[in-house]
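S.K.: Coordinates in protein-v2.tsv, TSV, C-alpha atoms, are listed below.
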chain	number	residue	atom	x	y	z
Q	1	MET	CA	0.00	0.00	0.00
Q	2	PRO	CA	2.80	2.52	0.58
Q	3	VAL	CA	3.43	2.69	-3.16
Q	4	VAL	CA	-0.20	3.24	-4.09
Q	5	LYS	CA	-0.73	5.86	-1.41
Q	6	THR	CA	2.51	7.61	-2.30
Q	7	LYS	CA	1.44	7.81	-5.93
Q	8	GLY	CA	-1.90	9.27	-4.89
Q	9	ALA	CA	-0.24	11.92	-2.73
Q	10	ILE	CA	2.36	12.81	-5.35
Q	11	ASP	CA	-0.39	13.42	-7.89
Q	12	ASP	CA	-1.65	16.25	-5.68
Q	13	LEU	CA	1.75	17.93	-5.41
Q	14	PRO	CA	2.90	20.77	-7.63
Q	15	GLU	CA	5.98	20.16	-9.75
Q	16	GLY	CA	9.14	20.48	-7.68
Q	17	GLY	CA	7.35	19.54	-4.50
Q	18	VAL	CA	8.87	16.97	-2.16
Q	19	LEU	CA	6.74	14.39	-0.39
Q	20	GLU	CA	7.73	12.86	2.93
Q	21	VAL	CA	6.35	9.34	3.25
Q	22	LEU	CA	6.24	7.63	6.63
Q	23	SER	CA	5.66	3.90	6.56
Q	24	THR	CA	5.72	1.04	9.00
Q	25	ASP	CA	6.00	-1.45	6.14
Q	26	SER	CA	9.53	-2.80	5.89
Q	27	GLY	CA	8.81	-3.78	2.29
Q	28	SER	CA	8.40	-0.12	1.48
Q	29	MET	CA	12.16	0.45	1.29
Q	30	SER	CA	12.47	-1.75	-1.77
Q	31	ASP	CA	8.99	-1.09	-3.14
Q	32	ILE	CA	9.22	2.70	-3.16
Q	33	ASP	CA	12.70	2.59	-4.62
Q	34	GLY	CA	11.52	0.28	-7.40
Q	35	TRP	CA	8.42	2.37	-8.01
Q	36	ALA	CA	10.36	5.63	-8.25
Q	37	GLN	CA	12.76	4.07	-10.72
Q	38	GLY	CA	10.01	2.62	-12.85
Q	39	THR	CA	7.78	5.66	-12.87
Q	40	ASP	CA	8.17	8.87	-14.84
Q	41	GLY	CA	8.01	12.24	-13.15
Q	42	VAL	CA	9.22	11.18	-9.71
Q	43	GLU	CA	12.62	10.97	-8.12
Q	44	LEU	CA	13.53	9.32	-4.84
Q	45	LEU	CA	15.78	11.72	-2.92
Q	46	GLU	CA	16.43	9.82	0.27
Q	47	GLN	CA	15.32	6.95	2.44
Q	48	VAL	CA	15.84	6.83	6.20
Q	49	GLU	CA	15.16	4.05	8.68
Q	50	ASP	CA	14.10	5.66	11.94
Q	51	GLY	CA	13.37	2.84	14.40
Q	52	ASP	CA	10.14	1.23	13.23
Q	53	VAL	CA	9.34	3.97	10.79
Q	54	TYR	CA	10.64	4.03	7.24
Q	55	LYS	CA	10.91	7.52	5.81
Q	56	HIS	CA	11.05	8.27	2.12
Q	57	TYR	CA	11.52	11.60	0.38
Q	58	VAL	CA	10.16	11.74	-3.13
Q	59	GLU	CA	10.35	14.71	-5.46
Q	60	LYS	CA	7.82	15.35	-8.16
Q	61	THR	CA	9.92	16.22	-11.18
Q	62	ALA	CA	7.20	16.51	-13.78
S	1	MET	CA	16.53	-4.67	-50.33
S	2	SER	CA	16.20	-2.85	-53.61
S	3	THR	CA	18.69	-0.13	-54.38
S	4	ASP	CA	16.44	1.27	-57.06
S	5	THR	CA	15.20	4.80	-56.58
S	6	PRO	CA	11.92	4.75	-54.59
S	7	SER	CA	9.02	5.33	-56.91
S	8	THR	CA	5.42	6.38	-56.76
S	9	GLY	CA	2.72	3.92	-57.79
S	10	ASP	CA	3.13	5.04	-61.38
S	11	GLY	CA	6.67	3.81	-61.45
S	12	GLU	CA	8.10	7.32	-61.67
S	13	ALA	CA	10.97	8.28	-59.37
S	14	MET	CA	9.84	10.27	-56.30
S	15	THR	CA	10.86	13.88	-56.12
S	16	GLU	CA	12.78	15.15	-53.15
S	17	ALA	CA	9.67	16.86	-51.87
S	18	GLN	CA	7.70	13.62	-52.05
S	19	LEU	CA	10.48	11.73	-50.29
S	20	GLN	CA	10.57	14.39	-47.60
S	21	ALA	CA	6.84	14.12	-47.09
S	22	ARG	CA	7.08	10.33	-46.93
S	23	ILE	CA	9.88	10.55	-44.35
S	24	GLU	CA	7.79	12.86	-42.19
S	25	GLU	CA	4.86	10.50	-42.46
S	26	LEU	CA	6.99	7.55	-41.41
S	27	GLU	CA	8.59	9.49	-38.54
S	28	GLU	CA	5.14	10.29	-37.18
S	29	THR	CA	4.10	6.65	-37.37
S	30	VAL	CA	7.25	5.52	-35.57
S	31	ALA	CA	6.79	8.15	-32.87
S	32	GLY	CA	3.25	6.92	-32.39
S	33	LEU	CA	4.39	3.32	-32.10
S	34	GLU	CA	7.16	4.23	-29.66
S	35	ALA	CA	4.73	6.17	-27.48
S	36	ASP	CA	2.42	3.17	-27.35
S	37	GLU	CA	5.32	0.95	-26.37
S	38	ASP	CA	6.26	3.17	-23.45
S	39	GLN	CA	3.17	2.55	-21.43
S	40	GLN	CA	2.83	-0.91	-19.97
S	41	LYS	CA	-0.55	-2.54	-20.26
S	42	MET	CA	-1.99	-5.23	-18.05
S	43	THR	CA	-5.23	-7.19	-18.18
S	44	ILE	CA	-6.40	-9.26	-15.26
S	45	VAL	CA	-9.35	-11.62	-15.54
S	46	ALA	CA	-10.86	-11.99	-12.07
S	47	THR	CA	-13.00	-15.11	-11.81
S	48	GLN	CA	-13.03	-15.68	-8.05
S	49	GLY	CA	-15.27	-14.01	-5.51
S	50	SER	CA	-14.15	-15.41	-2.19
S	51	PHE	CA	-12.82	-12.95	0.37
S	52	ASP	CA	-9.19	-13.98	-0.04
S	53	MET	CA	-9.24	-14.13	-3.83
S	54	ALA	CA	-10.57	-10.61	-4.14
S	55	TYR	CA	-7.14	-9.37	-3.07
S	56	PRO	CA	-4.67	-10.48	-5.74
S	57	PRO	CA	-6.38	-8.72	-8.68
S	58	LEU	CA	-7.00	-5.54	-6.69
S	59	ILE	CA	-3.52	-5.30	-5.21
S	60	LEU	CA	-1.85	-5.97	-8.55
S	61	ALA	CA	-4.13	-3.55	-10.38
S	62	SER	CA	-3.75	-0.67	-7.94
S	63	THR	CA	0.02	-1.11	-7.68
S	64	ALA	CA	0.44	-1.30	-11.44
S	65	ALA	CA	-1.64	1.85	-11.76
S	66	ALA	CA	0.75	3.55	-9.34
S	67	PHE	CA	3.45	2.85	-11.91
S	68	GLY	CA	1.35	4.55	-14.55
S	69	TRP	CA	0.32	1.37	-16.31
S	70	ASP	CA	-2.90	1.01	-18.26
S	71	VAL	CA	-4.80	-1.62	-16.29
S	72	VAL	CA	-8.08	-3.37	-16.95
S	73	VAL	CA	-9.58	-5.91	-14.58
S	74	PHE	CA	-12.30	-7.95	-16.22
S	75	HIS	CA	-14.56	-9.39	-13.51
S	76	THR	CA	-16.44	-12.48	-14.52
S	77	PHE	CA	-18.38	-15.24	-12.76
S	78	TRP	CA	-17.79	-15.09	-9.03
S	79	GLY	CA	-15.32	-12.24	-9.56
S	80	LEU	CA	-18.29	-10.04	-10.43
S	81	ASP	CA	-19.34	-10.04	-6.78
S	82	ILE	CA	-16.28	-7.92	-6.01
S	83	LEU	CA	-17.81	-5.07	-8.02
S	84	HIS	CA	-21.30	-5.54	-6.59
S	85	GLU	CA	-21.70	-2.80	-3.97
S	86	GLU	CA	-23.64	-4.94	-1.53
S	87	LYS	CA	-22.03	-8.31	-2.09
S	88	SER	CA	-18.47	-7.01	-1.97
S	89	GLN	CA	-19.07	-5.91	1.63
S	90	ASN	CA	-19.85	-9.50	2.49
S	91	LEU	CA	-17.48	-11.76	0.61
S	92	GLN	CA	-16.92	-15.04	2.40
S	93	LEU	CA	-14.00	-17.32	3.00
S	94	SER	CA	-14.36	-21.04	3.49
S	95	ALA	CA	-11.78	-23.19	5.28
S	96	VAL	CA	-13.14	-26.37	3.68
S	97	GLY	CA	-10.57	-28.06	1.48
S	98	ASN	CA	-8.11	-25.30	2.29
S	99	PRO	CA	-4.97	-26.84	3.76
S	100	ASN	CA	-3.56	-23.35	4.30
S	101	MET	CA	-6.09	-22.70	7.02
S	102	PRO	CA	-5.87	-24.19	10.53
S	103	MET	CA	-9.36	-25.73	10.58
S	104	PRO	CA	-10.07	-29.43	10.00
S	105	ASN	CA	-12.44	-29.99	7.05
S	106	ALA	CA	-15.01	-31.80	9.20
S	107	LEU	CA	-15.24	-28.76	11.43
S	108	ALA	CA	-15.00	-26.21	8.61
S	109	ALA	CA	-18.01	-27.76	6.87
S	110	LEU	CA	-20.37	-27.19	9.80
S	111	PRO	CA	-23.02	-24.47	9.53
S	112	GLY	CA	-21.65	-21.10	10.53
S	113	MET	CA	-18.00	-22.00	10.07
S	114	ASP	CA	-17.61	-20.07	6.82
S	115	ARG	CA	-18.61	-16.96	8.72
S	116	MET	CA	-16.09	-17.75	11.40
S	117	ALA	CA	-13.29	-18.35	8.93
S	118	THR	CA	-14.19	-15.08	7.21
S	119	ARG	CA	-14.24	-13.20	10.49
S	120	MET	CA	-10.86	-14.64	11.46
S	121	MET	CA	-9.40	-13.38	8.20
S	122	GLU	CA	-11.08	-9.99	8.53
S	123	LYS	CA	-9.66	-9.58	12.00
S	124	ARG	CA	-6.20	-10.50	10.80
S	125	ILE	CA	-6.46	-7.93	8.06
S	126	ASP	CA	-7.71	-5.29	10.45
S	127	ASP	CA	-5.00	-5.98	13.05
S	128	ASN	CA	-2.30	-5.80	10.41
S	129	GLY	CA	-3.58	-2.58	8.93
S	130	THR	CA	-3.99	-4.19	5.54
S	131	ALA	CA	-6.32	-2.40	3.15
S	132	THR	CA	-9.92	-3.55	2.95
S	133	ILE	CA	-11.51	-4.59	-0.34
S	134	ASP	CA	-13.54	-1.38	-0.24
S	135	GLU	CA	-10.42	0.74	0.05
S	136	LEU	CA	-8.67	-1.17	-2.73
S	137	ILE	CA	-11.57	-0.72	-5.11
S	138	GLU	CA	-11.66	3.01	-4.39
S	139	LEU	CA	-7.88	3.34	-4.75
S	140	SER	CA	-7.92	1.41	-8.00
S	141	LEU	CA	-10.65	3.55	-9.51
S	142	ASP	CA	-8.91	6.74	-8.31
S	143	GLN	CA	-5.71	5.61	-9.98
S	144	GLY	CA	-7.48	5.08	-13.27
S	145	VAL	CA	-7.82	1.31	-13.25
S	146	GLU	CA	-10.72	0.22	-15.40
S	147	LEU	CA	-12.90	-2.26	-13.54
S	148	GLN	CA	-15.09	-4.09	-16.02
S	149	ALA	CA	-18.19	-6.15	-15.24
S	150	CYS	CA	-18.79	-9.07	-17.58
S	151	GLN	CA	-22.16	-8.56	-19.22
S	152	MET	CA	-22.86	-12.27	-19.59
S	153	THR	CA	-22.28	-12.78	-15.89
S	154	ILE	CA	-24.50	-9.80	-15.03
S	155	GLU	CA	-27.34	-11.54	-16.83
S	156	LEU	CA	-26.47	-14.99	-15.51
S	157	MET	CA	-26.51	-13.83	-11.90
S	158	ASP	CA	-29.56	-11.65	-12.54
S	159	TYR	CA	-27.78	-8.49	-11.40
S	160	ASP	CA	-28.61	-4.96	-12.40
S	161	GLU	CA	-26.25	-2.26	-13.73
S	162	ASP	CA	-27.06	-0.11	-10.72
S	163	ASP	CA	-25.84	-2.81	-8.34
S	164	PHE	CA	-22.23	-1.94	-9.06
S	165	TYR	CA	-19.89	0.77	-7.80
S	166	ASP	CA	-19.95	4.00	-9.80
S	167	ASP	CA	-17.29	4.10	-12.51
S	168	VAL	CA	-17.50	0.34	-13.09
S	169	THR	CA	-17.71	-0.37	-16.82
S	170	VAL	CA	-20.70	-2.44	-17.90
S	171	GLY	CA	-21.81	-3.73	-21.28
S	172	VAL	CA	-18.54	-5.45	-22.02
S	173	GLY	CA	-17.91	-9.10	-22.72
S	174	ALA	CA	-15.22	-11.62	-23.50
S	175	ALA	CA	-14.46	-10.06	-26.88
S	176	THR	CA	-13.60	-6.72	-25.28
S	177	ALA	CA	-11.48	-8.49	-22.69
S	178	LEU	CA	-9.65	-10.45	-25.38
S	179	GLN	CA	-8.94	-7.30	-27.37
S	180	HIS	CA	-7.37	-5.64	-24.39
S	181	MET	CA	-5.43	-8.82	-23.63
S	182	ALA	CA	-4.05	-8.89	-27.16
S	183	GLU	CA	-2.67	-5.37	-26.65
S	184	SER	CA	-1.39	-6.00	-23.16
S	185	ASP	CA	2.13	-6.78	-22.02
S	186	ILE	CA	0.82	-8.83	-19.12
S	187	GLN	CA	-2.31	-10.99	-19.00
S	188	LEU	CA	-3.35	-12.73	-15.82
S	189	LEU	CA	-6.18	-15.08	-14.93
S	190	VAL	CA	-7.01	-15.20	-11.25
Can the structure from this file be put into structure tokens for me?

M.R.:
Amino acid sequence: MPVVKTKGAIDDLPEGGVLEVLSTDSGSMSDIDGWAQGTDGVELLEQVEDGDVYKHYVEKTA
Amino acid sequence: MSTDTPSTGDGEAMTEAQLQARIEELEETVAGLEADEDQQKMTIVATQGSFDMAYPPLILASTAAAFGWDVVVFHTFWGLDILHEEKSQNLQLSAVGNPNMPMPNALAALPGMDRMATRMMEKRIDDNGTATIDELIELSLDQGVELQACQMTIELMDYDEDDFYDDVTVGVGAATALQHMAESDIQLLV
């Protein structure tokens, strides 16, 4: 679900905006990375593991 | 490949202007073909309507849509219940003949045990924070997934067009599904 929800949230962002995604799904590290690589118009800036929470920073490039 | 000068239908050599026009025409066609190739297409045929089997098509469809893919899920037979507003709230799971579930068949076949197995699964899903079928349908539609209801099944099960969620496509049959499948990169039967 992190991927689908991230996509939904990114759609609402203006170009150049950065989305912070907080997830408790350990699969999200690989999933969001894979999604950002395979999808146009988004770029994964950083991923941070903060205890149980996985943080992802995605920029909307188009 | 012929090394003769390209000619018009009359057999006369093409002028530079004609060649130029032809090149432009071909470039446009190629660009069109390349654009089509860029977007991945997936068709899923959903034939199952039990609580557990509603998940694979919806998860795959919504995730693929998040990648920008063109996704169609063709719901037929029991799979149609997933799109039925009322029935999809009440999909059942049976533990009979299901070695993956910790209930002996003799027990699972007793009256009321389907409901119990379903409730066990619903609780698990709730506790884990997994999306509900409702949420997945909404997400899928929001992301532009086309959820199609098989017309033959609608008639077979005596359903009505209004029984389904808004934005569900009706009036489509196997031929439409096959056409989309022929154009798709990925075709799945669940």

S.K.: At most 12 Å is the cut-off: for each residue in chain S with any atom that close to an atom of chain Q, write down the nearest atom pair and the distance in Å rounded to one decimal, counting all atoms listed in the file, chain first then increasing number, as a Markdown table.

M.R.:
| residue | atom | partner | partner_atom | distance |
| --- | --- | --- | --- | --- |
| S:Asp38 | CA | Q:Asp40 | CA | 10.5 |
| S:Gln39 | CA | Q:Thr39 | CA | 10.2 |
| S:Gln40 | CA | Q:Gly38 | CA | 10.7 |
| S:Leu58 | CA | Q:Met1 | CA | 11.2 |
| S:Ile59 | CA | Q:Met1 | CA | 8.2 |
| S:Leu60 | CA | Q:Val4 | CA | 10.4 |
| S:Ala61 | CA | Q:Val4 | CA | 10.1 |
| S:Ser62 | CA | Q:Val4 | CA | 6.5 |
| S:Thr63 | CA | Q:Val4 | CA | 5.6 |
| S:Ala64 | CA | Q:Val4 | CA | 8.7 |
| S:Ala65 | CA | Q:Val4 | CA | 7.9 |
| S:Ala66 | CA | Q:Val4 | CA | 5.3 |
| S:Phe67 | CA | Q:Thr39 | CA | 5.3 |
| S:Gly68 | CA | Q:Thr39 | CA | 6.7 |
| S:Trp69 | CA | Q:Thr39 | CA | 9.3 |
| S:Asn128 | CA | Q:Asp25 | CA | 10.3 |
| S:Gly129 | CA | Q:Met1 | CA | 10.0 |
| S:Thr130 | CA | Q:Met1 | CA | 8.0 |
| S:Ala131 | CA | Q:Met1 | CA | 7.5 |
| S:Thr132 | CA | Q:Met1 | CA | 10.9 |
| S:Glu135 | CA | Q:Met1 | CA | 10.4 |
| S:Leu136 | CA | Q:Met1 | CA | 9.2 |
| S:Glu138 | CA | Q:Val4 | CA | 11.5 |
| S:Leu139 | CA | Q:Val4 | CA | 7.7 |
| S:Ser140 | CA | Q:Val4 | CA | 8.8 |
| S:Leu141 | CA | Q:Gly8 | CA | 11.4 |
| S:Asp142 | CA | Q:Gly8 | CA | 8.2 |
| S:Gln143 | CA | Q:Gly8 | CA | 7.3 |
| S:Gly144 | CA | Q:Gly8 | CA | 10.9 |

S.K.: If you measure from atom CA of Ala109 of chain S to atom CA of Leu93 of chain S, what distance in Å do you get, rounded to one decimal?

M.R.: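 A separation of 11.8 Å between them.
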
S.K.: Neighbouring residues of Phe164 of chain S were defined as those with any atom within 8 Å, considering only C-alpha atoms; residues of the same chain fewer than 4 positions away were excluded. Please report them as a VMD selection string.

M.R.: chain S and resid 83 to 85 160 168

S.K.: Hey, can you check how far atom CA of Pro56 of chain S sits from atom CA of Ile154 of chain S?

M.R.: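 We find that atom CA of Pro56 of chain S and atom CA of Ile154 of chain S lie 21.9 Å from each other.
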
S.K.: Atom CA of Ile32 of chain Q to atom CA of Val58 of chain Q: how many Å, to one decimal?

M.R.: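 Value for the atom CA of Ile32 of chain Q-atom CA of Val58 of chain Q distance: 9.1 Å.
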
S.K.: Find the spatial neighbours of segment 15-17 of chain Q, counting all atoms listed in the file, within a cut-off of 7 Å - ignore same-chain residues fewer than 5 positions away - and output them as number ranges by chain.

M.R.: Q: 59-62

S.K.: Please list as a VMD selection string every residue within 9 Å of Ser26 of chain Q, counting only C-alpha atoms and excluding residues in the same chain fewer than 5 positions away.

M.R.: chain Q and resid 52 to 54

S.K.: Would you put the residues from that selection into a file with C-alpha atoms, as a PDB file, keeping the file's coordinate frame?

M.R.:
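Result saved to selection07.pdb:
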ATOM      1  CA  ASP Q  52      10.140   1.230  13.230  1.00  0.00           C
ATOM      2  CA  VAL Q  53       9.340   3.970  10.790  1.00  0.00           C
ATOM      3  CA  TYR Q  54      10.640   4.030   7.240  1.00  0.00           C
TER       4      TYR Q  54
END

S.K.: For Ala149 of chain S, please output as a list in words all residues within 10 Å (counting only C-alpha atoms; exclusion window: fewer than 2 positions along the same chain).

M.R.: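 Close residues of Ala149 of chain S: Ala46, Val73, Phe74, His75, Thr76, Phe77, Gly79, Leu80, Asp81, Ile82, Leu83, His84, Glu146, Leu147, Gln151, Met152, Thr153, Ile154, Glu161, Phe164, Val168, Thr169, Val170, Gly171, Val172 and Gly173 of chain S.
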
S.K.: Considering only C-alpha atoms, state which residue in the set Q:Ser30, Q:Asp25, Q:Ala9, Q:Leu19 is at the smallest distance from Leu45 of chain Q.

M.R.: Q:Leu19
